[in-house]
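Reading through the structure tokens given below for one structure.
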Amino acid sequence: MIAGSMLSYEGKKRTVLLLIALGVAVWIGVDAAAGGAAHWNRVLVRLPLLLTGSVSGWPITGGFALNVILSIASMALATALGTMMGLATLARFGPIRVPAFLLMNFLRNSPWLVLLFATLYFLPFEMHVFGTTIPFPPFVKAVIGLALPTAANFSEVIRGAVQSIHSGQWEAARSLGYGTGQIYRHVIMPQALRRMIPGWTNLYALLMIATALATVTGIQDVLTILNTLLAMENERVIVYFYLTILFLFIAYCYPIAAVARWRERAVKGESL
Amino acid sequence: MNRTDALIELDNVRKSFGDLPVLKGISMFVQKGEAVCIIGPSGSGKSTILRCINGLIPVDEGFVRVGEHRVHEMRSEKQMRTLRHQVAMVFQQYNLFPHRTALENIMMAPIQVLGHDRAEVEERARKLLKKVRLSEKAESYPGQLSGGQQQRVAIARALAMQPDVILFDEVTAALDPETVKDVLFAIRELVEEGLTCILVTHEMKFAREVSQRVCFTDHGLIVESAPPAELFDNPRDPRTREFLGQVL
């Protein structure tokens, strides 16, 4: 009681997290002693397969590594699309701004899984453009399907960052004779970019978590492999496998979220 | 073409923000090389007058001319740009670009807007920093400078455009008292060198010392306009008298 009141908010949070981690560790230890160790052993045997899609761990054909690759590819596409969409929602010209605004809101307010299914069924298996054939394998569809909502959310990050720049910056730049495009390029964007980093990082962590949804496209991601694999395993082992997958995602995403929070604090401290 | 030989001419300028009329028929002339101070209570439209001169705020009605530029006829940002090469502005909140050093702040616009040669601009910028007594702060970022130092960099940035006119919008209002005098000193030098200046200010003593003419504004009108000795010592309008009674 006394110790609790002496701790800061951050200190309390850290204590609670530590207690939870400790509880989980104790539970795993007790369970392992009571016969769970054999189940963990099964997981360990299958871990290379879950991580890389190959029984021996090499070459990488899927698994958690594919989730990572998917998240990176999708984020790259989302960043490009989101930048265009974000700038379009900032345009003064109505015929550009309004459609971009509607599209952004549509994508932002649709369930990610529904968008993924939509791209899965709307996009053809391949496309013929001027004699060349562009194939759309499930992986590409997954990249696009996950990039759409991420792009919409990123465009809001951009819009927020740009609009958070003090209006005096616009006034000063305009009074120096800068044109609108130049103001964005030389004055607004360099400042807004720093403010986007926390939001962008956060969004990436969210996207990584959402790659688990891509199992519906049939790619050999960690969940697809798990489902195939579980058919051959004892039913009691299932929970151990799911715990492992959960831990994989947490282990990958938590440091990213931590970096985002750290950047956020750094940006907050900056004054104009 | 021009109705008078004044460098800046405003005739019956009106401007409303929504239902709120801010300027209700402003007329004034500023000769080349003249320093004119605009004083008056808050909300009387002082800052709006300045922003109408360089087109940051489009006027609703009336005539605004700076040199050859008929500002009231300009409809797009693009048309305003050559006007703004001629008319520089210094703001109450400095509005330096925080991601660039003091020197870069001064050099940016001449290079990026006017397309001047970088080496030549840098030489000019360093001279200007020396002029505002901040040579040693060239590599500092705005966040590392005091308010008074930032404001002097902002003055140097305005001068780097080699303007015909500089508009000063309450440039000492946000400053600590001890840094005000450095900024006023820098402005006084410019006035003495014959640069045309229009200053919105609350520094009555400074207005009296530095300007050739003082305009008193109240409720969107220029109530009285006279040389400082006359306006401060023998104000003719009762509103001017009341205002001066409050601030002096």
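A note on labels: chains of the structure tokens are A, B, ... as shown, every chain counts residues from 1, and ligands are counted from 1 in their shown order.
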
Item checked: chain B residues near chain A (7 Å cut-off, only C-alpha atoms) as a PyMOL selection string -> chain B and resi 78+81+84-85+88-89+95+97-99+109+113+143

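Near segment 93-107 of chain A, within 9 Å and counting only C-alpha atoms, sit Gly82, Met85, Gly86, Leu87, Ala88, Thr89, Leu90, Ser110, Pro111, Trp112, Leu115, Leu148, Pro149, Thr150, Ala151, Ala152, Asn153, Ser155 and Glu156 of chain A, not including residues fewer than 3 positions from it in the same chain.
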
Next item on the list: Quick one: everything within 12 Å of segment 36-48 of chain A, counting only C-alpha atoms, minus sequence neighbours fewer than 6 positions away in the same chain. Send it as a PyMOL selection string.
Entry: chain A and resi 27-30+54-65+222+225-226+228-230+232-245+248

Just-selected residues, C-alpha atoms written as a CSV table (one decimal), in the first residue's frame:
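See out-v3.csv below for the written result:
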```
chain,number,residue,atom,x,y,z
A,27,TRP,CA,2.5,-21.0,-14.5
A,28,ILE,CA,4.6,-22.4,-17.4
A,29,GLY,CA,7.1,-23.8,-14.9
A,30,VAL,CA,4.5,-25.5,-12.8
A,54,SER,CA,10.7,-25.7,-43.8
A,55,VAL,CA,11.1,-28.6,-41.5
A,56,SER,CA,14.8,-28.0,-41.2
A,57,GLY,CA,14.4,-24.2,-40.9
A,58,TRP,CA,15.9,-23.5,-44.4
A,59,PRO,CA,15.0,-22.4,-47.1
A,60,ILE,CA,12.4,-19.8,-46.1
A,61,THR,CA,9.1,-20.8,-47.8
A,62,GLY,CA,6.6,-19.4,-45.4
A,63,GLY,CA,5.8,-19.4,-41.7
A,64,PHE,CA,6.4,-16.5,-39.4
A,65,ALA,CA,9.1,-15.2,-41.8
A,222,VAL,CA,2.4,-19.1,-39.8
A,225,ILE,CA,1.1,-23.9,-41.4
A,226,LEU,CA,-0.1,-24.3,-37.9
A,228,THR,CA,-2.0,-28.0,-41.3
A,229,LEU,CA,0.4,-29.1,-38.6
A,230,LEU,CA,-2.3,-29.4,-35.9
A,232,MET,CA,-1.2,-34.4,-37.1
A,233,GLU,CA,-0.8,-33.4,-33.4
A,234,ASN,CA,-2.4,-34.5,-30.2
A,235,GLU,CA,-5.4,-32.3,-29.3
A,236,ARG,CA,-3.9,-31.4,-25.9
A,237,VAL,CA,-0.9,-29.8,-27.6
A,238,ILE,CA,-3.0,-27.2,-29.5
A,239,VAL,CA,-3.0,-24.6,-26.7
A,240,TYR,CA,0.8,-24.8,-26.5
A,241,PHE,CA,1.2,-24.1,-30.2
A,242,TYR,CA,-1.2,-21.1,-30.0
A,243,LEU,CA,0.7,-19.8,-27.0
A,244,THR,CA,3.9,-20.0,-29.0
A,245,ILE,CA,2.4,-18.1,-32.0
A,248,LEU,CA,6.1,-14.8,-31.6
```

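Near segment 33-48 of chain B, within a cut-off of 7 Å and counting only C-alpha atoms, sit the residues Val22, Leu23, Cys52, Asp169, Val191, Gly194, Leu195, Thr196, Cys197, Ile198, Leu199, Val200, Thr201, His202, Ala207, Ser211, Gln212, Arg213, Val214, Cys215, Phe216, Thr217, Asp218, His219 and Gly220 of chain B, with same-chain residues fewer than 4 positions away left out.
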
Same residues, N, CA and C atoms, output as a PDB file, in the first residue's frame:
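Heads up, here's the output in again_4.pdb:
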```pdb
ATOM      1  N   VAL B  22     -13.592  44.302 -39.908  1.00  0.00           N
ATOM      2  CA  VAL B  22     -12.328  44.592 -39.235  1.00  0.00           C
ATOM      3  C   VAL B  22     -11.730  45.896 -39.758  1.00  0.00           C
ATOM      4  N   LEU B  23     -11.779  46.065 -41.071  1.00  0.00           N
ATOM      5  CA  LEU B  23     -11.341  47.331 -41.667  1.00  0.00           C
ATOM      6  C   LEU B  23     -12.554  47.990 -42.298  1.00  0.00           C
ATOM      7  N   CYS B  52      -3.019  42.971 -45.505  1.00  0.00           N
ATOM      8  CA  CYS B  52      -3.637  43.366 -46.780  1.00  0.00           C
ATOM      9  C   CYS B  52      -2.595  43.937 -47.728  1.00  0.00           C
ATOM     10  N   ASP B 169       5.093  43.268 -37.608  1.00  0.00           N
ATOM     11  CA  ASP B 169       3.816  43.052 -36.939  1.00  0.00           C
ATOM     12  C   ASP B 169       4.024  42.773 -35.448  1.00  0.00           C
ATOM     13  N   VAL B 191      15.695  51.790 -40.290  1.00  0.00           N
ATOM     14  CA  VAL B 191      14.971  53.031 -40.575  1.00  0.00           C
ATOM     15  C   VAL B 191      15.964  54.132 -40.934  1.00  0.00           C
ATOM     16  N   GLY B 194      17.195  54.211 -44.306  1.00  0.00           N
ATOM     17  CA  GLY B 194      16.251  54.664 -45.325  1.00  0.00           C
ATOM     18  C   GLY B 194      15.373  53.579 -45.912  1.00  0.00           C
ATOM     19  N   LEU B 195      15.301  52.433 -45.248  1.00  0.00           N
ATOM     20  CA  LEU B 195      14.391  51.386 -45.713  1.00  0.00           C
ATOM     21  C   LEU B 195      12.958  51.773 -45.343  1.00  0.00           C
ATOM     22  N   THR B 196      12.034  51.564 -46.258  1.00  0.00           N
ATOM     23  CA  THR B 196      10.638  51.858 -45.973  1.00  0.00           C
ATOM     24  C   THR B 196      10.096  50.821 -44.992  1.00  0.00           C
ATOM     25  N   CYS B 197       9.555  51.302 -43.881  1.00  0.00           N
ATOM     26  CA  CYS B 197       9.081  50.383 -42.848  1.00  0.00           C
ATOM     27  C   CYS B 197       7.680  50.770 -42.403  1.00  0.00           C
ATOM     28  N   ILE B 198       6.838  49.748 -42.227  1.00  0.00           N
ATOM     29  CA  ILE B 198       5.558  49.986 -41.573  1.00  0.00           C
ATOM     30  C   ILE B 198       5.547  49.118 -40.332  1.00  0.00           C
ATOM     31  N   LEU B 199       5.367  49.757 -39.182  1.00  0.00           N
ATOM     32  CA  LEU B 199       5.471  49.023 -37.927  1.00  0.00           C
ATOM     33  C   LEU B 199       4.170  49.103 -37.148  1.00  0.00           C
ATOM     34  N   VAL B 200       3.618  47.939 -36.850  1.00  0.00           N
ATOM     35  CA  VAL B 200       2.531  47.883 -35.881  1.00  0.00           C
ATOM     36  C   VAL B 200       3.199  47.661 -34.538  1.00  0.00           C
ATOM     37  N   THR B 201       2.943  48.532 -33.589  1.00  0.00           N
ATOM     38  CA  THR B 201       3.693  48.407 -32.336  1.00  0.00           C
ATOM     39  C   THR B 201       2.912  48.916 -31.139  1.00  0.00           C
ATOM     40  N   HIS B 202       3.321  48.389 -29.978  1.00  0.00           N
ATOM     41  CA  HIS B 202       2.791  48.901 -28.720  1.00  0.00           C
ATOM     42  C   HIS B 202       3.865  49.676 -27.972  1.00  0.00           C
ATOM     43  N   ALA B 207       7.971  54.231 -31.083  1.00  0.00           N
ATOM     44  CA  ALA B 207       7.222  54.792 -32.206  1.00  0.00           C
ATOM     45  C   ALA B 207       7.525  56.286 -32.334  1.00  0.00           C
ATOM     46  N   SER B 211       9.742  56.887 -35.886  1.00  0.00           N
ATOM     47  CA  SER B 211       8.915  57.051 -37.079  1.00  0.00           C
ATOM     48  C   SER B 211       8.790  58.504 -37.516  1.00  0.00           C
ATOM     49  N   GLN B 212       8.491  58.650 -38.805  1.00  0.00           N
ATOM     50  CA  GLN B 212       8.229  59.981 -39.331  1.00  0.00           C
ATOM     51  C   GLN B 212       6.744  60.328 -39.191  1.00  0.00           C
ATOM     52  N   ARG B 213       5.929  59.254 -39.082  1.00  0.00           N
ATOM     53  CA  ARG B 213       4.496  59.485 -38.989  1.00  0.00           C
ATOM     54  C   ARG B 213       3.869  58.359 -38.175  1.00  0.00           C
ATOM     55  N   VAL B 214       2.860  58.689 -37.407  1.00  0.00           N
ATOM     56  CA  VAL B 214       2.160  57.696 -36.598  1.00  0.00           C
ATOM     57  C   VAL B 214       0.684  57.711 -36.974  1.00  0.00           C
ATOM     58  N   CYS B 215       0.134  56.522 -37.210  1.00  0.00           N
ATOM     59  CA  CYS B 215      -1.298  56.420 -37.478  1.00  0.00           C
ATOM     60  C   CYS B 215      -1.962  55.771 -36.276  1.00  0.00           C
ATOM     61  N   PHE B 216      -3.040  56.360 -35.795  1.00  0.00           N
ATOM     62  CA  PHE B 216      -3.787  55.758 -34.702  1.00  0.00           C
ATOM     63  C   PHE B 216      -5.054  55.117 -35.267  1.00  0.00           C
ATOM     64  N   THR B 217      -5.214  53.820 -35.034  1.00  0.00           N
ATOM     65  CA  THR B 217      -6.398  53.126 -35.550  1.00  0.00           C
ATOM     66  C   THR B 217      -7.324  52.762 -34.401  1.00  0.00           C
ATOM     67  N   ASP B 218      -8.607  52.803 -34.680  1.00  0.00           N
ATOM     68  CA  ASP B 218      -9.594  52.375 -33.695  1.00  0.00           C
ATOM     69  C   ASP B 218     -10.816  51.861 -34.449  1.00  0.00           C
ATOM     70  N   HIS B 219     -11.279  50.687 -34.069  1.00  0.00           N
ATOM     71  CA  HIS B 219     -12.461  50.103 -34.700  1.00  0.00           C
ATOM     72  C   HIS B 219     -12.419  50.117 -36.217  1.00  0.00           C
ATOM     73  N   GLY B 220     -11.278  49.718 -36.779  1.00  0.00           N
ATOM     74  CA  GLY B 220     -11.197  49.551 -38.234  1.00  0.00           C
ATOM     75  C   GLY B 220     -11.035  50.823 -39.030  1.00  0.00           C
TER      76      GLY B 220
END
```

Which polymer residues have any atom within 12 Å of an atom of Arg118 of chain B, counting only C-alpha atoms, with same-chain residues fewer than 5 positions away left out, as a PDB file with C-alpha atoms, in the first residue's frame?
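Listed below is the output, result_18.pdb:
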```pdb
ATOM      1  CA  GLU B 104      19.810  28.456 -43.422  1.00  0.00           C
ATOM      2  CA  ILE B 106      18.100  33.431 -43.934  1.00  0.00           C
ATOM      3  CA  MET B 107      19.445  31.708 -47.051  1.00  0.00           C
ATOM      4  CA  MET B 108      16.452  29.525 -47.926  1.00  0.00           C
ATOM      5  CA  ALA B 109      14.136  31.962 -49.648  1.00  0.00           C
ATOM      6  CA  PRO B 110      16.717  33.877 -51.720  1.00  0.00           C
ATOM      7  CA  ILE B 111      17.989  30.563 -53.114  1.00  0.00           C
ATOM      8  CA  GLN B 112      14.712  28.651 -53.404  1.00  0.00           C
ATOM      9  CA  VAL B 113      12.408  31.516 -54.338  1.00  0.00           C
ATOM     10  CA  GLU B 123      27.899  35.952 -48.058  1.00  0.00           C
ATOM     11  CA  ARG B 124      24.838  38.198 -47.852  1.00  0.00           C
ATOM     12  CA  ALA B 125      23.331  36.093 -45.047  1.00  0.00           C
TER      13      ALA B 125
END
```

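Here the residues within segment 28-248 of chain A that DSSP labels strand (DSSP E or B) on the basis of the backbone are Glu126, Met127, His128, Val129, Thr132, Thr133, Ile134, Pro135 and Asp221 of chain A.
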
Write the selection just made, keeping C-alpha atoms, as a compact mmCIF listing (two decimals), in the first residue's frame?
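This is the output file again18.txt:
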```txt
# COMPACT_ATOMS: atom_id res chain seq x y z
CA GLU A 126 -3.92 -12.53 -63.52
CA MET A 127 -4.28 -9.42 -65.59
CA HIS A 128 -3.43 -8.76 -69.24
CA VAL A 129 -2.15 -5.31 -69.98
CA THR A 132 2.03 -8.61 -70.80
CA THR A 133 0.52 -10.80 -68.14
CA ILE A 134 0.61 -9.56 -64.57
CA PRO A 135 -0.11 -12.44 -62.22
CA ASP A 221 1.87 -18.00 -43.33
```

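Straight-line separation from atom CA of Gly62 of chain B to atom CA of Met74 of chain B: 12.5 Å.
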
Note to self: Based on the backbone DSSP call, show me all residues of segment 8-193 of chain A assigned alpha helix (DSSP H), as a count of residues only.
What the structure shows: 136

Next item on the list: Would you list the contacts of Trp262 of chain A as a VMD selection string, taking every protein, DNA or RNA residue within 12 Å and counting only C-alpha atoms, but skipping same-chain residues closer than 3 positions in sequence?
Entry: chain A and resid 197 to 199 201 to 202 255 to 259 265 to 269

Export of the given selection (C-alpha atoms) as an mmCIF file, in the first residue's frame:
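So the final result, stored in part_36.cif, reads:
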```
data_model
loop_
_atom_site.group_PDB
_atom_site.id
_atom_site.type_symbol
_atom_site.label_atom_id
_atom_site.label_comp_id
_atom_site.auth_asym_id
_atom_site.auth_seq_id
_atom_site.Cartn_x
_atom_site.Cartn_y
_atom_site.Cartn_z
ATOM 1 C CA ILE A 197 7.291 8.595 -37.365
ATOM 2 C CA PRO A 198 5.480 7.527 -34.166
ATOM 3 C CA GLY A 199 2.164 7.055 -35.982
ATOM 4 C CA THR A 201 5.652 2.840 -36.465
ATOM 5 C CA ASN A 202 2.495 2.193 -34.511
ATOM 6 C CA PRO A 255 9.797 -3.679 -29.319
ATOM 7 C CA ILE A 256 8.323 -1.814 -32.290
ATOM 8 C CA ALA A 257 5.560 -0.339 -30.148
ATOM 9 C CA ALA A 258 8.161 0.567 -27.545
ATOM 10 C CA VAL A 259 10.217 2.384 -30.163
ATOM 11 C CA ARG A 265 8.021 11.294 -26.319
ATOM 12 C CA ALA A 266 10.961 12.698 -28.286
ATOM 13 C CA VAL A 267 8.638 14.538 -30.665
ATOM 14 C CA LYS A 268 6.475 15.864 -27.839
ATOM 15 C CA GLY A 269 9.478 17.502 -26.264
#
```

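The closest residue to Leu175 of chain B, picked from B:Leu56, B:Ser16, B:Tyr141, B:Gln150 and counting only C-alpha atoms, is B:Gln150.
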
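Atom CA of Ile209 of chain A is positioned 9.4 Å from atom CA of Tyr252 of chain A.
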
Notebook entry, point to check: Neighbours of segment 66-70 of chain A within 12 Å (only C-alpha atoms; same-chain residues fewer than 5 positions away dropped), as number ranges by chain?
Noted result: A: 49-54, 59-61, 75-78, 138-147, 204-205, 207-215, 219-225, 245, 248-249, 252-253

Please write the residues from the selection above to a file, keeping C-alpha atoms, as a compact mmCIF listing (two decimals), in the first residue's frame.
```txt
# COMPACT_ATOMS: atom_id res chain seq x y z
CA LEU A 49 8.59 -25.21 -39.56
CA LEU A 50 6.47 -22.52 -37.92
CA LEU A 51 9.20 -19.92 -38.30
CA THR A 52 10.31 -20.58 -41.88
CA GLY A 53 7.90 -23.04 -43.49
CA SER A 54 10.65 -25.66 -43.84
CA PRO A 59 14.99 -22.37 -47.08
CA ILE A 60 12.37 -19.85 -46.08
CA THR A 61 9.13 -20.80 -47.79
CA MET A 75 3.77 -1.37 -45.35
CA ALA A 76 5.88 -0.19 -48.31
CA LEU A 77 2.82 -0.17 -50.54
CA ALA A 78 0.67 1.42 -47.82
CA PRO A 138 -2.40 -15.00 -53.23
CA PHE A 139 0.64 -13.35 -51.66
CA VAL A 140 0.26 -10.25 -53.86
CA LYS A 141 -3.45 -10.13 -53.07
CA ALA A 142 -2.65 -10.33 -49.37
CA VAL A 143 -0.13 -7.48 -49.73
CA ILE A 144 -2.73 -5.30 -51.48
CA GLY A 145 -5.59 -6.31 -49.20
CA LEU A 146 -3.69 -5.39 -46.06
CA ALA A 147 -2.13 -2.28 -47.60
CA TYR A 204 3.34 -1.03 -38.74
CA ALA A 205 2.94 -2.95 -35.49
CA LEU A 207 -0.25 -4.28 -39.67
CA MET A 208 2.11 -7.01 -38.49
CA ILE A 209 -0.55 -8.30 -36.12
CA ALA A 210 -3.11 -8.15 -38.93
CA THR A 211 -0.96 -10.35 -41.20
CA ALA A 212 -2.43 -13.28 -39.28
CA LEU A 213 -5.64 -12.55 -41.19
CA ALA A 214 -3.85 -13.31 -44.46
CA THR A 215 -4.29 -16.99 -43.74
CA ILE A 219 -0.60 -18.33 -48.33
CA GLN A 220 1.72 -20.44 -46.21
CA ASP A 221 1.87 -18.00 -43.33
CA VAL A 222 2.38 -19.08 -39.75
CA LEU A 223 -1.34 -19.71 -39.11
CA THR A 224 -1.88 -21.76 -42.28
CA ILE A 225 1.09 -23.91 -41.41
CA ILE A 245 2.41 -18.13 -31.99
CA LEU A 248 6.12 -14.80 -31.57
CA PHE A 249 3.89 -11.86 -32.47
CA TYR A 252 8.19 -9.01 -32.74
CA CYS A 253 5.65 -6.22 -32.15
```
